[in-house]
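Below: one structure, written as structure tokens.
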Amino acid sequence: MKYEVDFQDETNKPTNLKFKHGDKVLNEIEEYEEFFTDIIDADDANKTRTLTVEWEWPYETGTDEDSILQNDKIDTNEGLEAQDYEFNVVVTGTQVVPQEN
């Protein structure tokens, strides 16, 4: 079974909210899609997968005092809107026919 995870219809994502996959920092949740596509073989002992989305929203961003203050204002405003941060997760499974050798 080939499975693919798609993230769709994202709304109200805060600018400085980042996602993490291993040592990679991702700017958009859709970037997880390449990591969340795989195959579960018929003879796999474990036929379930747990796919974890990690995120970080740094307390301060910017390179100098002015940019930090400006980003703090953005974070505060977007933090209020982020109460409605949403996206849909669509998982598709497709039967895969094994290749004969």
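Here's how to read the names in the structure tokens: chain A, B, ... by the order shown, residue numbers from 1 in each chain, ligand numbers from 1 in the order shown.
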
Checklist line | Near-segment 48-58 of chain A list (9 Å; only C-alpha atoms; drop same-chain fewer than 3 positions) as an MDAnalysis selection string | finding: chainID A and resid 14 16:21 25:26 29 32 36 40 61

Serialized selection, N, CA, C and O atoms, as a PDB file, in the first residue's frame:
```pdb
ATOM      1  N   PRO A  14       0.827  31.777  11.366  1.00  0.00           N
ATOM      2  CA  PRO A  14       1.713  32.867  11.777  1.00  0.00           C
ATOM      3  C   PRO A  14       3.023  32.853  10.969  1.00  0.00           C
ATOM      4  O   PRO A  14       3.571  31.796  10.683  1.00  0.00           O
ATOM      5  N   ASN A  16       6.140  33.550  11.651  1.00  0.00           N
ATOM      6  CA  ASN A  16       7.349  32.987  12.256  1.00  0.00           C
ATOM      7  C   ASN A  16       7.178  31.569  12.778  1.00  0.00           C
ATOM      8  O   ASN A  16       8.087  31.026  13.401  1.00  0.00           O
ATOM      9  N   LEU A  17       6.025  30.943  12.526  1.00  0.00           N
ATOM     10  CA  LEU A  17       5.813  29.545  12.897  1.00  0.00           C
ATOM     11  C   LEU A  17       6.562  28.672  11.899  1.00  0.00           C
ATOM     12  O   LEU A  17       6.391  28.805  10.689  1.00  0.00           O
ATOM     13  N   LYS A  18       7.426  27.821  12.392  1.00  0.00           N
ATOM     14  CA  LYS A  18       8.236  26.935  11.558  1.00  0.00           C
ATOM     15  C   LYS A  18       7.941  25.486  11.939  1.00  0.00           C
ATOM     16  O   LYS A  18       7.516  25.191  13.052  1.00  0.00           O
ATOM     17  N   PHE A  19       8.204  24.591  11.018  1.00  0.00           N
ATOM     18  CA  PHE A  19       8.017  23.160  11.257  1.00  0.00           C
ATOM     19  C   PHE A  19       9.380  22.489  11.191  1.00  0.00           C
ATOM     20  O   PHE A  19      10.296  22.975  10.538  1.00  0.00           O
ATOM     21  N   LYS A  20       9.518  21.373  11.883  1.00  0.00           N
ATOM     22  CA  LYS A  20      10.793  20.678  11.932  1.00  0.00           C
ATOM     23  C   LYS A  20      10.596  19.229  11.520  1.00  0.00           C
ATOM     24  O   LYS A  20       9.612  18.593  11.873  1.00  0.00           O
ATOM     25  N   HIS A  21      11.559  18.731  10.764  1.00  0.00           N
ATOM     26  CA  HIS A  21      11.620  17.310  10.428  1.00  0.00           C
ATOM     27  C   HIS A  21      13.084  16.907  10.536  1.00  0.00           C
ATOM     28  O   HIS A  21      13.910  17.300   9.701  1.00  0.00           O
ATOM     29  N   VAL A  25      14.507  22.584   9.022  1.00  0.00           N
ATOM     30  CA  VAL A  25      13.473  23.545   9.414  1.00  0.00           C
ATOM     31  C   VAL A  25      12.672  23.866   8.159  1.00  0.00           C
ATOM     32  O   VAL A  25      13.238  24.253   7.136  1.00  0.00           O
ATOM     33  N   LEU A  26      11.369  23.677   8.245  1.00  0.00           N
ATOM     34  CA  LEU A  26      10.478  23.878   7.108  1.00  0.00           C
ATOM     35  C   LEU A  26       9.642  25.126   7.340  1.00  0.00           C
ATOM     36  O   LEU A  26       9.167  25.368   8.449  1.00  0.00           O
ATOM     37  N   ILE A  29       3.853  23.890   6.162  1.00  0.00           N
ATOM     38  CA  ILE A  29       3.473  22.516   6.529  1.00  0.00           C
ATOM     39  C   ILE A  29       3.424  21.614   5.301  1.00  0.00           C
ATOM     40  O   ILE A  29       3.674  20.412   5.400  1.00  0.00           O
ATOM     41  N   TYR A  32       6.118  18.967   4.489  1.00  0.00           N
ATOM     42  CA  TYR A  32       6.142  17.636   5.083  1.00  0.00           C
ATOM     43  C   TYR A  32       5.725  16.564   4.086  1.00  0.00           C
ATOM     44  O   TYR A  32       6.040  15.394   4.257  1.00  0.00           O
ATOM     45  N   PHE A  36       6.159  12.391   4.080  1.00  0.00           N
ATOM     46  CA  PHE A  36       4.996  11.614   4.508  1.00  0.00           C
ATOM     47  C   PHE A  36       4.385  10.829   3.358  1.00  0.00           C
ATOM     48  O   PHE A  36       3.177  10.659   3.261  1.00  0.00           O
ATOM     49  N   ILE A  40       3.865   0.692   2.521  1.00  0.00           N
ATOM     50  CA  ILE A  40       3.781  -0.343   3.553  1.00  0.00           C
ATOM     51  C   ILE A  40       3.660  -1.663   2.804  1.00  0.00           C
ATOM     52  O   ILE A  40       2.667  -1.911   2.102  1.00  0.00           O
ATOM     53  N   THR A  61      12.605  36.931  16.867  1.00  0.00           N
ATOM     54  CA  THR A  61      13.241  36.758  15.564  1.00  0.00           C
ATOM     55  C   THR A  61      13.705  38.115  15.081  1.00  0.00           C
ATOM     56  O   THR A  61      13.090  39.136  15.355  1.00  0.00           O
TER      57      THR A  61
END
```

Notebook entry, point to check: Which of these residues is nearest to Phe87 of chain A, using only C-alpha atoms: A:Thr11, A:Ser67, A:Gly22, A:Phe35?
Noted result: A:Thr11

Interface rows for segment 12-85 of chain A against segment 2-7 of chain A: nearest pair, Å to one decimal, 6 Å, only C-alpha atoms, as CSV:
```
residue,atom,partner,partner_atom,distance
A:Glu30,CA,A:Phe7,CA,5.5
A:Glu33,CA,A:Asp6,CA,5.8
A:Phe36,CA,A:Val5,CA,5.6
A:Thr37,CA,A:Glu4,CA,4.4
A:Asp38,CA,A:Tyr3,CA,5.7
A:Ile39,CA,A:Lys2,CA,4.2
```

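Proximity to Asp9 of chain A at 10 Å, evaluated using only C-alpha atoms and with sequence-adjacent residues fewer than 3 positions away removed, yields A:Glu86, A:Phe87, A:Asn88, A:Val89.
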
How about saving the chosen residues, N, CA, C and O atoms kept, as a PDB file, in the first residue's frame?
```pdb
ATOM      1  N   GLU A  86      -5.695  26.782  10.845  1.00  0.00           N
ATOM      2  CA  GLU A  86      -6.302  25.522  10.435  1.00  0.00           C
ATOM      3  C   GLU A  86      -5.659  25.000   9.156  1.00  0.00           C
ATOM      4  O   GLU A  86      -5.142  25.767   8.353  1.00  0.00           O
ATOM      5  N   PHE A  87      -5.747  23.696   8.984  1.00  0.00           N
ATOM      6  CA  PHE A  87      -5.407  23.048   7.723  1.00  0.00           C
ATOM      7  C   PHE A  87      -6.070  21.686   7.721  1.00  0.00           C
ATOM      8  O   PHE A  87      -6.435  21.148   8.761  1.00  0.00           O
ATOM      9  N   ASN A  88      -6.272  21.157   6.528  1.00  0.00           N
ATOM     10  CA  ASN A  88      -6.844  19.821   6.379  1.00  0.00           C
ATOM     11  C   ASN A  88      -5.725  18.831   6.089  1.00  0.00           C
ATOM     12  O   ASN A  88      -4.754  19.161   5.402  1.00  0.00           O
ATOM     13  N   VAL A  89      -5.884  17.628   6.614  1.00  0.00           N
ATOM     14  CA  VAL A  89      -4.941  16.549   6.355  1.00  0.00           C
ATOM     15  C   VAL A  89      -5.688  15.492   5.548  1.00  0.00           C
ATOM     16  O   VAL A  89      -6.710  14.962   5.998  1.00  0.00           O
TER      17      VAL A  89
END
```

Check: What is the atom CA of Ile68 of chain A to atom CA of Gln83 of chain A distance in Å?
Finding: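 Atom CA of Gln83 of chain A lies 22.5 Å from atom CA of Ile68 of chain A.
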
Next item on the list: Would you mind telling me which residue in A:Glu31, A:Asp23, A:Asp41, A:Glu10 lies nearest to Pro98 of chain A when using only C-alpha atoms?
Entry: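 The answer is A:Asp41, which sits nearest to Pro98 of chain A.
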
Next item on the list: List every residue of segment 38-97 of chain A that DSSP, applied to the backbone of this structure, places in helix (DSSP H, G or I), and write the result as a VMD selection string.
Entry: chain A and resid 65 to 84

Emit the selected residues as a PDB file, in the first residue's frame, including N, CA, C and O atoms.
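The new file selection_10.pdb reads:
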```pdb
ATOM      1  N   GLU A  65      17.765  45.144  17.136  1.00  0.00           N
ATOM      2  CA  GLU A  65      16.690  45.527  18.057  1.00  0.00           C
ATOM      3  C   GLU A  65      15.429  45.984  17.324  1.00  0.00           C
ATOM      4  O   GLU A  65      14.318  45.634  17.707  1.00  0.00           O
ATOM      5  N   ASP A  66      15.598  46.755  16.243  1.00  0.00           N
ATOM      6  CA  ASP A  66      14.439  47.244  15.493  1.00  0.00           C
ATOM      7  C   ASP A  66      13.653  46.095  14.850  1.00  0.00           C
ATOM      8  O   ASP A  66      12.425  46.063  14.917  1.00  0.00           O
ATOM      9  N   SER A  67      14.366  45.172  14.205  1.00  0.00           N
ATOM     10  CA  SER A  67      13.655  44.057  13.559  1.00  0.00           C
ATOM     11  C   SER A  67      13.017  43.133  14.596  1.00  0.00           C
ATOM     12  O   SER A  67      11.937  42.588  14.366  1.00  0.00           O
ATOM     13  N   ILE A  68      13.648  42.966  15.744  1.00  0.00           N
ATOM     14  CA  ILE A  68      13.060  42.161  16.819  1.00  0.00           C
ATOM     15  C   ILE A  68      11.764  42.807  17.307  1.00  0.00           C
ATOM     16  O   ILE A  68      10.742  42.137  17.459  1.00  0.00           O
ATOM     17  N   LEU A  69      11.771  44.126  17.514  1.00  0.00           N
ATOM     18  CA  LEU A  69      10.560  44.827  17.945  1.00  0.00           C
ATOM     19  C   LEU A  69       9.460  44.732  16.899  1.00  0.00           C
ATOM     20  O   LEU A  69       8.292  44.498  17.219  1.00  0.00           O
ATOM     21  N   GLN A  70       9.824  44.892  15.646  1.00  0.00           N
ATOM     22  CA  GLN A  70       8.839  44.800  14.568  1.00  0.00           C
ATOM     23  C   GLN A  70       8.253  43.390  14.496  1.00  0.00           C
ATOM     24  O   GLN A  70       7.041  43.219  14.365  1.00  0.00           O
ATOM     25  N   ASN A  71       9.107  42.373  14.600  1.00  0.00           N
ATOM     26  CA  ASN A  71       8.626  40.992  14.568  1.00  0.00           C
ATOM     27  C   ASN A  71       7.809  40.652  15.800  1.00  0.00           C
ATOM     28  O   ASN A  71       6.876  39.837  15.718  1.00  0.00           O
ATOM     29  N   ASP A  72       8.120  41.241  16.948  1.00  0.00           N
ATOM     30  CA  ASP A  72       7.303  41.030  18.154  1.00  0.00           C
ATOM     31  C   ASP A  72       5.873  41.510  17.917  1.00  0.00           C
ATOM     32  O   ASP A  72       4.912  40.864  18.333  1.00  0.00           O
ATOM     33  N   LYS A  73       5.729  42.654  17.251  1.00  0.00           N
ATOM     34  CA  LYS A  73       4.386  43.172  16.942  1.00  0.00           C
ATOM     35  C   LYS A  73       3.642  42.218  16.008  1.00  0.00           C
ATOM     36  O   LYS A  73       2.460  41.924  16.200  1.00  0.00           O
ATOM     37  N   ILE A  74       4.340  41.739  14.993  1.00  0.00           N
ATOM     38  CA  ILE A  74       3.738  40.786  14.055  1.00  0.00           C
ATOM     39  C   ILE A  74       3.313  39.519  14.803  1.00  0.00           C
ATOM     40  O   ILE A  74       2.197  39.030  14.631  1.00  0.00           O
ATOM     41  N   ASP A  75       4.202  38.996  15.641  1.00  0.00           N
ATOM     42  CA  ASP A  75       3.896  37.777  16.404  1.00  0.00           C
ATOM     43  C   ASP A  75       2.677  37.974  17.297  1.00  0.00           C
ATOM     44  O   ASP A  75       1.830  37.088  17.413  1.00  0.00           O
ATOM     45  N   THR A  76       2.589  39.126  17.947  1.00  0.00           N
ATOM     46  CA  THR A  76       1.456  39.386  18.841  1.00  0.00           C
ATOM     47  C   THR A  76       0.159  39.415  18.048  1.00  0.00           C
ATOM     48  O   THR A  76      -0.822  38.747  18.417  1.00  0.00           O
ATOM     49  N   ASN A  77       0.131  40.155  16.953  1.00  0.00           N
ATOM     50  CA  ASN A  77      -1.076  40.228  16.134  1.00  0.00           C
ATOM     51  C   ASN A  77      -1.441  38.869  15.548  1.00  0.00           C
ATOM     52  O   ASN A  77      -2.603  38.456  15.578  1.00  0.00           O
ATOM     53  N   GLU A  78      -0.461  38.181  14.995  1.00  0.00           N
ATOM     54  CA  GLU A  78      -0.733  36.884  14.386  1.00  0.00           C
ATOM     55  C   GLU A  78      -1.044  35.830  15.441  1.00  0.00           C
ATOM     56  O   GLU A  78      -1.770  34.875  15.169  1.00  0.00           O
ATOM     57  N   GLY A  79      -0.526  35.993  16.639  1.00  0.00           N
ATOM     58  CA  GLY A  79      -0.834  35.066  17.724  1.00  0.00           C
ATOM     59  C   GLY A  79      -2.308  35.094  18.075  1.00  0.00           C
ATOM     60  O   GLY A  79      -2.906  34.058  18.393  1.00  0.00           O
ATOM     61  N   LEU A  80      -2.904  36.261  18.007  1.00  0.00           N
ATOM     62  CA  LEU A  80      -4.341  36.371  18.255  1.00  0.00           C
ATOM     63  C   LEU A  80      -5.126  35.698  17.138  1.00  0.00           C
ATOM     64  O   LEU A  80      -6.104  34.987  17.381  1.00  0.00           O
ATOM     65  N   GLU A  81      -4.700  35.891  15.892  1.00  0.00           N
ATOM     66  CA  GLU A  81      -5.357  35.263  14.750  1.00  0.00           C
ATOM     67  C   GLU A  81      -5.103  33.757  14.721  1.00  0.00           C
ATOM     68  O   GLU A  81      -5.919  32.996  14.212  1.00  0.00           O
ATOM     69  N   ALA A  82      -3.964  33.318  15.253  1.00  0.00           N
ATOM     70  CA  ALA A  82      -3.582  31.903  15.184  1.00  0.00           C
ATOM     71  C   ALA A  82      -4.510  31.011  15.991  1.00  0.00           C
ATOM     72  O   ALA A  82      -4.442  29.798  15.883  1.00  0.00           O
ATOM     73  N   GLN A  83      -5.361  31.626  16.790  1.00  0.00           N
ATOM     74  CA  GLN A  83      -6.348  30.809  17.493  1.00  0.00           C
ATOM     75  C   GLN A  83      -7.220  30.084  16.475  1.00  0.00           C
ATOM     76  O   GLN A  83      -7.861  29.085  16.799  1.00  0.00           O
ATOM     77  N   ASP A  84      -7.224  30.572  15.242  1.00  0.00           N
ATOM     78  CA  ASP A  84      -7.989  29.950  14.169  1.00  0.00           C
ATOM     79  C   ASP A  84      -7.081  29.378  13.084  1.00  0.00           C
ATOM     80  O   ASP A  84      -7.476  29.288  11.928  1.00  0.00           O
TER      81      ASP A  84
END
```

Notebook entry, point to check: Can you list, as a ChimeraX atom specification, every residue of chain A that DSSP puts in strand (DSSP E or B)?
Noted result: /A:2-11,18-21,24-26,37-39,54-56,86-94

Note to self: One number please: atom CA of Val90 of chain A to atom CA of Thr15 of chain A, in Å, one decimal.
What the structure shows: 23.4 Å

Check: To one decimal place, how far is atom CA of Gln8 of chain A from atom CA of Thr94 of chain A in Å?
Finding: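 According to the coordinates, atom CA of Gln8 of chain A and atom CA of Thr94 of chain A are separated by 19.1 Å.
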